[in-house]
$ cat query-v6.cif   # mmCIF, C-alpha atoms
data_work
#
loop_
_atom_site.label_atom_id
_atom_site.label_comp_id
_atom_site.auth_asym_id
_atom_site.auth_seq_id
_atom_site.Cartn_x
_atom_site.Cartn_y
_atom_site.Cartn_z
CA MET A 21 -23.23 3.52 20.14
CA ARG A 22 -19.64 2.71 21.00
CA VAL A 23 -17.45 0.01 19.42
CA GLN A 24 -13.92 -0.69 20.63
CA VAL A 25 -11.37 -3.20 19.38
CA HIS A 26 -8.03 -3.36 21.13
CA GLU A 27 -5.42 -5.55 22.79
CA ASP A 28 -5.59 -3.91 26.18
CA ASP A 29 -7.80 -5.05 29.00
CA PHE A 30 -10.84 -2.99 29.94
CA ASP A 31 -12.67 -2.28 33.15
CA PRO A 32 -16.38 -3.18 32.82
CA ALA A 33 -17.38 -0.91 35.71
CA SER A 34 -15.79 2.20 34.27
CA GLU A 35 -17.07 1.34 30.76
CA LEU A 36 -20.59 1.39 32.21
CA ASP A 37 -20.12 4.69 33.94
CA GLY A 38 -22.64 6.96 32.25
CA PHE A 39 -23.69 4.25 29.77
CA GLY A 40 -27.25 4.72 28.52
CA GLN A 41 -27.80 7.46 31.05
CA GLY A 42 -31.06 9.32 30.62
CA ALA A 43 -34.52 9.59 32.05
CA ASP A 44 -35.78 7.11 29.48
CA THR A 45 -33.50 4.20 30.44
CA GLY A 46 -35.02 1.55 32.68
CA ALA A 47 -32.71 -1.39 31.99
CA VAL A 48 -29.03 -2.02 31.31
CA VAL A 49 -27.91 -5.54 30.40
CA THR A 50 -24.22 -6.40 30.22
CA PHE A 51 -22.33 -9.51 29.20
CA THR A 52 -18.62 -10.10 29.69
CA GLY A 53 -16.86 -13.00 27.96
CA ILE A 54 -13.94 -14.61 29.81
CA VAL A 55 -11.23 -16.99 28.55
CA ARG A 56 -12.31 -20.34 29.99
CA ASN A 57 -9.83 -23.11 30.66
CA ASN A 58 -10.47 -26.47 28.99
CA GLU A 59 -11.65 -29.54 30.91
CA HIS A 60 -8.06 -30.71 31.44
CA GLY A 61 -6.93 -27.34 32.74
CA SER A 62 -4.13 -27.33 30.14
CA LEU A 63 -4.93 -24.06 28.38
CA ARG A 64 -1.97 -21.69 28.51
CA ALA A 65 -3.42 -18.93 26.38
CA MET A 66 -5.92 -17.99 23.71
CA GLU A 67 -4.53 -16.08 20.75
CA ILE A 68 -7.11 -13.95 19.00
CA GLU A 69 -6.40 -12.85 15.46
CA HIS A 70 -8.61 -10.40 13.61
CA TYR A 71 -8.97 -8.58 10.29
CA PRO A 72 -8.44 -4.96 11.35
CA ALA A 73 -9.81 -3.34 8.19
CA MET A 74 -13.05 -5.30 8.52
CA THR A 75 -13.54 -5.72 12.26
CA ARG A 76 -14.76 -2.26 13.17
CA THR A 77 -17.17 -2.07 10.22
CA ALA A 78 -18.55 -5.53 10.99
CA LEU A 79 -19.08 -4.69 14.68
CA HIS A 80 -20.72 -1.37 13.82
CA ARG A 81 -23.06 -3.13 11.43
CA ILE A 82 -24.05 -5.74 14.02
CA ALA A 83 -24.66 -3.02 16.62
CA SER A 84 -26.72 -0.98 14.11
CA GLN A 85 -28.83 -4.03 13.30
CA ALA A 86 -29.57 -4.43 17.00
CA GLN A 87 -30.54 -0.76 17.23
CA ALA A 88 -32.83 -1.06 14.23
CA ARG A 89 -34.53 -4.10 15.68
CA TRP A 90 -35.01 -3.18 19.32
CA SER A 91 -35.74 0.06 21.04
CA LEU A 92 -32.31 0.80 22.52
CA ASN A 93 -30.96 3.92 24.15
CA ASP A 94 -27.34 2.81 23.85
CA VAL A 95 -25.13 -0.06 22.69
CA LEU A 96 -21.55 -0.88 23.68
CA VAL A 97 -19.33 -3.53 22.09
CA ILE A 98 -15.74 -4.16 23.20
CA HIS A 99 -13.63 -6.99 21.75
CA ARG A 100 -9.99 -7.71 22.52
CA HIS A 101 -7.39 -9.40 20.33
CA GLY A 102 -3.90 -10.72 20.93
CA ARG A 103 -2.73 -13.22 23.54
CA LEU A 104 -5.10 -13.73 26.48
CA GLU A 105 -4.62 -16.06 29.43
CA PRO A 106 -7.35 -18.11 31.14
CA GLY A 107 -9.50 -15.84 33.28
CA ALA A 108 -8.88 -12.78 31.09
CA ARG A 109 -11.76 -10.74 29.73
CA ILE A 110 -12.20 -11.20 25.97
CA MET A 111 -15.18 -9.05 25.18
CA MET A 112 -18.16 -7.22 26.51
CA VAL A 113 -21.52 -6.07 25.24
CA ALA A 114 -23.95 -3.76 26.95
CA THR A 115 -27.40 -2.57 25.95
CA ALA A 116 -29.58 0.11 27.50
CA ALA A 117 -33.32 0.26 26.92
CA ARG A 118 -36.56 1.49 28.40
CA HIS A 119 -37.54 -2.09 29.30
CA ARG A 120 -35.49 -5.18 30.09
CA GLY A 121 -36.98 -7.32 27.30
CA ASP A 122 -35.35 -5.21 24.58
CA ALA A 123 -32.08 -4.97 26.49
CA PHE A 124 -31.81 -8.75 27.08
CA GLN A 125 -32.82 -9.74 23.56
CA ALA A 126 -30.53 -7.22 21.90
CA ALA A 127 -27.60 -8.40 24.06
CA GLU A 128 -28.24 -12.03 23.03
CA PHE A 129 -28.50 -10.99 19.39
CA LEU A 130 -25.18 -9.12 19.63
CA MET A 131 -23.49 -12.16 21.20
CA ASP A 132 -24.84 -14.56 18.57
CA TYR A 133 -23.66 -12.33 15.73
CA LEU A 134 -20.27 -11.59 17.28
CA LYS A 135 -19.61 -15.34 17.45
CA SER A 136 -20.12 -15.99 13.76
CA ARG A 137 -20.07 -12.69 11.85
CA ALA A 138 -17.22 -10.69 13.35
CA PRO A 139 -13.81 -11.44 11.80
CA PHE A 140 -12.01 -12.93 14.81
CA TRP A 141 -10.28 -16.30 15.00
CA LYS A 142 -9.24 -18.03 18.20
CA LYS A 143 -6.22 -20.27 18.62
CA GLU A 144 -5.82 -22.33 21.77
CA ILE A 145 -2.30 -22.76 23.09
CA THR A 146 -2.15 -25.77 25.43
CA ASP A 147 0.59 -27.88 26.99
CA GLN A 148 0.15 -30.21 23.99
CA GLY A 149 0.46 -27.59 21.26
CA ALA A 150 -1.62 -25.04 19.37
CA ASP A 151 -4.95 -25.51 17.62
CA TRP A 152 -7.40 -23.20 15.87
CA VAL A 153 -10.82 -23.27 17.48
CA ALA A 154 -13.34 -24.66 14.98
CA ALA A 155 -16.60 -22.80 14.47
CA ARG A 156 -19.48 -24.71 16.05
CA THR A 157 -22.59 -25.50 14.04
CA GLU A 158 -24.67 -24.55 17.10
CA ASP A 159 -23.26 -21.03 16.85
CA GLU A 160 -24.20 -20.77 13.17
CA ASP A 161 -27.63 -22.27 13.87
CA ALA A 162 -28.18 -19.72 16.65
CA LEU A 163 -28.42 -16.99 13.98
CA THR A 164 -31.55 -18.53 12.49
CA ARG A 165 -33.58 -17.66 15.58
CA TRP A 166 -33.26 -13.97 14.73
CA MET B 25 -5.34 -6.78 -6.06
CA ASP B 26 -4.40 -7.50 -2.47
CA VAL B 27 -5.14 -11.01 -1.27
CA LEU B 28 -5.20 -11.57 2.49
CA TYR B 29 -5.17 -14.80 4.47
CA PHE B 30 -6.15 -15.29 8.10
CA ALA B 31 -5.86 -17.99 10.79
CA TRP B 32 -4.97 -21.46 9.47
CA VAL B 33 -5.31 -20.30 5.86
CA ARG B 34 -2.47 -17.84 6.54
CA GLU B 35 -0.41 -20.53 8.26
CA ARG B 36 -0.95 -23.08 5.49
CA ILE B 37 -0.05 -20.64 2.71
CA GLY B 38 2.75 -19.14 4.76
CA LEU B 39 1.98 -15.44 4.31
CA PRO B 40 -0.55 -12.93 5.58
CA ARG B 41 -1.00 -11.03 2.30
CA GLU B 42 0.25 -10.72 -1.23
CA LYS B 43 -0.39 -8.74 -4.38
CA ILE B 44 -1.81 -10.77 -7.23
CA GLU B 45 -2.26 -9.78 -10.85
CA THR B 46 -5.20 -11.74 -12.17
CA ASP B 47 -7.86 -11.77 -14.86
CA ALA B 48 -10.06 -14.05 -12.77
CA ALA B 49 -13.71 -13.07 -13.20
CA THR B 50 -14.98 -14.53 -9.94
CA VAL B 51 -13.65 -15.61 -6.56
CA SER B 52 -13.91 -19.26 -7.69
CA ASP B 53 -11.78 -18.50 -10.74
CA LEU B 54 -9.18 -16.87 -8.50
CA VAL B 55 -9.21 -19.91 -6.19
CA ASP B 56 -8.69 -22.23 -9.19
CA GLU B 57 -5.77 -20.06 -10.28
CA LEU B 58 -4.20 -20.11 -6.81
CA ARG B 59 -4.65 -23.88 -6.46
CA THR B 60 -2.50 -24.52 -9.52
CA ARG B 61 0.35 -22.37 -8.17
CA GLU B 62 1.83 -24.59 -5.50
CA GLU B 63 0.95 -27.45 -3.20
CA ARG B 64 0.49 -25.16 -0.17
CA TYR B 65 -2.25 -23.24 -2.02
CA ALA B 66 -3.89 -26.48 -3.16
CA ALA B 67 -3.85 -27.63 0.48
CA ALA B 68 -5.33 -24.38 1.80
CA PHE B 69 -8.09 -24.32 -0.82
CA ALA B 70 -8.82 -28.06 -0.82
CA ASP B 71 -12.24 -27.71 0.79
CA LEU B 72 -14.12 -24.49 0.04
CA SER B 73 -16.89 -25.39 2.48
CA ALA B 74 -14.32 -24.79 5.24
CA LEU B 75 -13.56 -21.29 3.94
CA ARG B 76 -15.19 -17.89 3.86
CA VAL B 77 -14.33 -14.95 1.62
CA ALA B 78 -14.65 -11.19 1.99
CA LEU B 79 -14.42 -8.71 -0.89
CA ASP B 80 -13.33 -5.23 0.17
CA GLN B 81 -14.11 -6.20 3.79
CA GLU B 82 -17.63 -7.48 3.05
CA LEU B 83 -18.54 -11.17 3.29
CA ALA B 84 -19.24 -12.56 -0.17
CA ASP B 85 -19.93 -15.82 -2.03
CA PHE B 86 -17.40 -17.77 -4.05
CA ASP B 87 -19.31 -17.03 -7.26
CA ALA B 88 -19.13 -13.26 -6.65
CA PRO B 89 -17.51 -11.19 -9.44
CA LEU B 90 -14.08 -9.63 -8.81
CA GLN B 91 -14.49 -6.64 -11.09
CA GLY B 92 -13.50 -3.45 -9.26
CA VAL B 93 -12.50 -5.36 -6.11
CA ARG B 94 -9.29 -4.19 -4.44
CA GLU B 95 -8.99 -6.56 -1.51
CA VAL B 96 -9.90 -10.24 -1.26
CA ALA B 97 -9.61 -12.04 2.08
CA PHE B 98 -9.81 -15.79 2.69
CA PHE B 99 -10.36 -17.20 6.16
CA PRO B 100 -12.06 -20.01 8.10
CA PRO B 101 -15.50 -19.51 9.67
CA MET B 102 -15.21 -16.79 12.30
CA THR B 103 -14.97 -17.56 16.00
CA GLY B 104 -15.52 -14.29 17.82
CA GLY B 105 -17.24 -13.63 21.08
#
$ encode --input "query-v6.cif" --output "structure tokens"
Amino acid sequence: MRVQVHEDDFDPASELDGFGQGADTGAVVTFTGIVRNNEHGSLRAMEIEHYPAMTRTALHRIASQAQARWSLNDVLVIHRHGRLEPGARIMMVATAARHRGDAFQAAEFLMDYLKSRAPFWKKEITDQGADWVAARTEDEDALTRW
Amino acid sequence: MDVLYFAWVRERIGLPREKIETDAATVSDLVDELRTREERYAAAFADLSALRVALDQELADFDAPLQGVREVAFFPPMTGG
């Protein structure tokens, strides 16, 4: 298991180099989150604040829960913070498993929990000003399916 | 104890962290104490349903006891991912 939290960008290809390698791995699922512009195209940047003392522990816990629940050979979670412009990578998860079902489900689980249980807060900076992104009830509801 | 604020809670109160001497038994008691301090605290803690709390970096409830706790953090619902 590997958990990384930093400001710097990352290269998904090199992060996956050697990930989950082993005779037993038959599936690797990866997800990369990108800063999306809004419908007006007025987003200048997304500022991501986090709670450093809690972030790593929270991410480790979420990753451990995924490992306890599905048969995984490896888990990777990367989350950036700081100021990110539209098109920038925000985060990435990867799961390696014997079969794709476990890898896909665990990746979805990780994404759902990262949305609502990892201490990050997003602020949108647009041409009109700055606004904190409100948590969506759909994101909270998504946790109930697990 | 150390009290930390994040996102709009931090902006509304005007600081990221402070040391507070308190005899508050629970998080709710601490919130009540903070609310009476100044208008900016009352504004930040006006609606507890819009807030989350962590005690020593673990998510907790507002009725959780504060005994032995070193760090309390208040923040809005998280928006990671």
$ interface_residues --input "query-v6.cif" --of "chain A" --to "chain B" --cutoff "9 Å" --atoms "only C-alpha atoms" --output "NGL selection string"
:A and (53 or 68-71 or 73-75 or 77-78 or 99 or 110-112 or 131-143 or 152-156)
$ residues_around --input "query-v6.cif" --residues "Glu95 (chain B)" --least-positions-apart "6" --cutoff "7 Å" --atoms "all atoms listed in the file" --output "MDAnalysis selection string"
chainID B and resid 25:27 79:80
$ axis_aligned_box --input "query-v6.cif" --around "region 72-80 of chain B" --padding-each-side "4 Å" --output "JSON"
{"center_x": -15.1, "center_y": -15.3, "center_z": 2.2, "size_x": 11.6, "size_y": 28.2, "size_z": 14.1}
$ closest_residue --input "query-v6.cif" --among "B:Leu90, B:Ala68, B:Ala84, B:Leu75" --to "Glu35 (chain B)" --atoms "only C-alpha atoms"
B:Ala68
$ atom_distance --input "query-v6.cif" --atom1 "CA of Asp122 (chain A)" --atom2 "CA of Val55 (chain A)"
27.1 Å
$ atom_distance --input "query-v6.cif" --atom1 "CA of Ala117 (chain A)" --atom2 "CA of Gln41 (chain A)"
10.0 Å
$ resolve_selection --input "query-v6.cif" --expression "the PyMOL selection byres ((chain A and resi 165) around 12)" --output "JSON, numbers by chain"
{"A": [125, 128, 129, 132, 133, 158, 159, 160, 161, 162, 163, 164, 166]}
$ decode --input "query-v6.cif" --residues "region 54-75 of chain A" --atoms "N, CA, C and O atoms" --output "short mmCIF file (atom, residue, chain, number, x, y, z; two decimals), in the first residue's frame"
data_model
loop_
_atom_site.label_atom_id
_atom_site.label_comp_id
_atom_site.auth_asym_id
_atom_site.auth_seq_id
_atom_site.Cartn_x
_atom_site.Cartn_y
_atom_site.Cartn_z
N ILE A 54 -9.17 15.02 -12.42
CA ILE A 54 -8.64 16.21 -13.08
C ILE A 54 -9.48 17.42 -12.68
O ILE A 54 -10.70 17.30 -12.55
N VAL A 55 -8.86 18.58 -12.53
CA VAL A 55 -9.61 19.81 -12.25
C VAL A 55 -10.42 20.16 -13.51
O VAL A 55 -9.86 20.41 -14.57
N ARG A 56 -11.76 20.13 -13.35
CA ARG A 56 -12.65 20.39 -14.48
C ARG A 56 -13.07 21.86 -14.45
O ARG A 56 -13.33 22.41 -13.38
N ASN A 57 -13.14 22.48 -15.61
CA ASN A 57 -13.63 23.86 -15.64
C ASN A 57 -15.14 23.85 -15.41
O ASN A 57 -15.79 22.82 -15.58
N ASN A 58 -15.71 24.97 -15.00
CA ASN A 58 -17.16 25.03 -14.82
C ASN A 58 -17.84 25.25 -16.17
O ASN A 58 -17.17 25.40 -17.20
N GLU A 59 -19.17 25.27 -16.16
CA GLU A 59 -19.89 25.35 -17.45
C GLU A 59 -19.68 26.68 -18.16
O GLU A 59 -19.90 26.77 -19.37
N HIS A 60 -19.27 27.72 -17.42
CA HIS A 60 -19.02 29.02 -18.05
C HIS A 60 -17.57 29.17 -18.50
O HIS A 60 -17.22 30.16 -19.12
N GLY A 61 -16.75 28.21 -18.12
CA GLY A 61 -15.33 28.29 -18.48
C GLY A 61 -14.60 29.37 -17.71
O GLY A 61 -13.55 29.86 -18.14
N SER A 62 -15.14 29.77 -16.54
CA SER A 62 -14.55 30.90 -15.81
C SER A 62 -13.66 30.48 -14.63
O SER A 62 -13.23 31.32 -13.85
N LEU A 63 -13.41 29.18 -14.51
CA LEU A 63 -12.57 28.74 -13.39
C LEU A 63 -11.10 29.09 -13.64
O LEU A 63 -10.53 28.71 -14.65
N ARG A 64 -10.53 29.83 -12.71
CA ARG A 64 -9.10 30.17 -12.82
C ARG A 64 -8.24 29.11 -12.14
O ARG A 64 -7.20 28.73 -12.64
N ALA A 65 -8.72 28.70 -10.96
CA ALA A 65 -7.95 27.72 -10.20
C ALA A 65 -8.81 27.08 -9.12
O ALA A 65 -9.87 27.61 -8.76
N MET A 66 -8.35 25.94 -8.64
CA MET A 66 -8.97 25.27 -7.51
C MET A 66 -7.91 25.26 -6.41
O MET A 66 -6.78 24.83 -6.66
N GLU A 67 -8.29 25.79 -5.24
CA GLU A 67 -7.34 25.75 -4.13
C GLU A 67 -7.77 24.64 -3.18
O GLU A 67 -8.90 24.63 -2.70
N ILE A 68 -6.85 23.73 -2.92
CA ILE A 68 -7.19 22.60 -2.07
C ILE A 68 -6.45 22.71 -0.75
O ILE A 68 -5.22 22.71 -0.70
N GLU A 69 -7.26 22.84 0.31
CA GLU A 69 -6.71 22.92 1.67
C GLU A 69 -6.84 21.54 2.30
O GLU A 69 -7.74 20.78 1.95
N HIS A 70 -5.95 21.20 3.20
CA HIS A 70 -6.13 19.94 3.91
C HIS A 70 -5.65 20.06 5.34
O HIS A 70 -5.16 21.11 5.76
N TYR A 71 -5.83 19.00 6.10
CA TYR A 71 -5.51 18.96 7.53
C TYR A 71 -4.35 17.98 7.66
O TYR A 71 -4.56 16.78 7.86
N PRO A 72 -3.11 18.50 7.49
CA PRO A 72 -1.96 17.61 7.35
C PRO A 72 -1.86 16.50 8.41
O PRO A 72 -1.56 15.36 8.07
N ALA A 73 -2.13 16.85 9.67
CA ALA A 73 -1.97 15.84 10.73
C ALA A 73 -2.97 14.70 10.59
O ALA A 73 -2.76 13.61 11.11
N MET A 74 -4.06 14.96 9.90
CA MET A 74 -5.12 13.94 9.80
C MET A 74 -5.15 13.26 8.44
O MET A 74 -5.58 12.10 8.33
N THR A 75 -4.68 13.95 7.40
CA THR A 75 -4.87 13.46 6.04
C THR A 75 -4.28 12.07 5.80
O THR A 75 -4.95 11.16 5.31
#
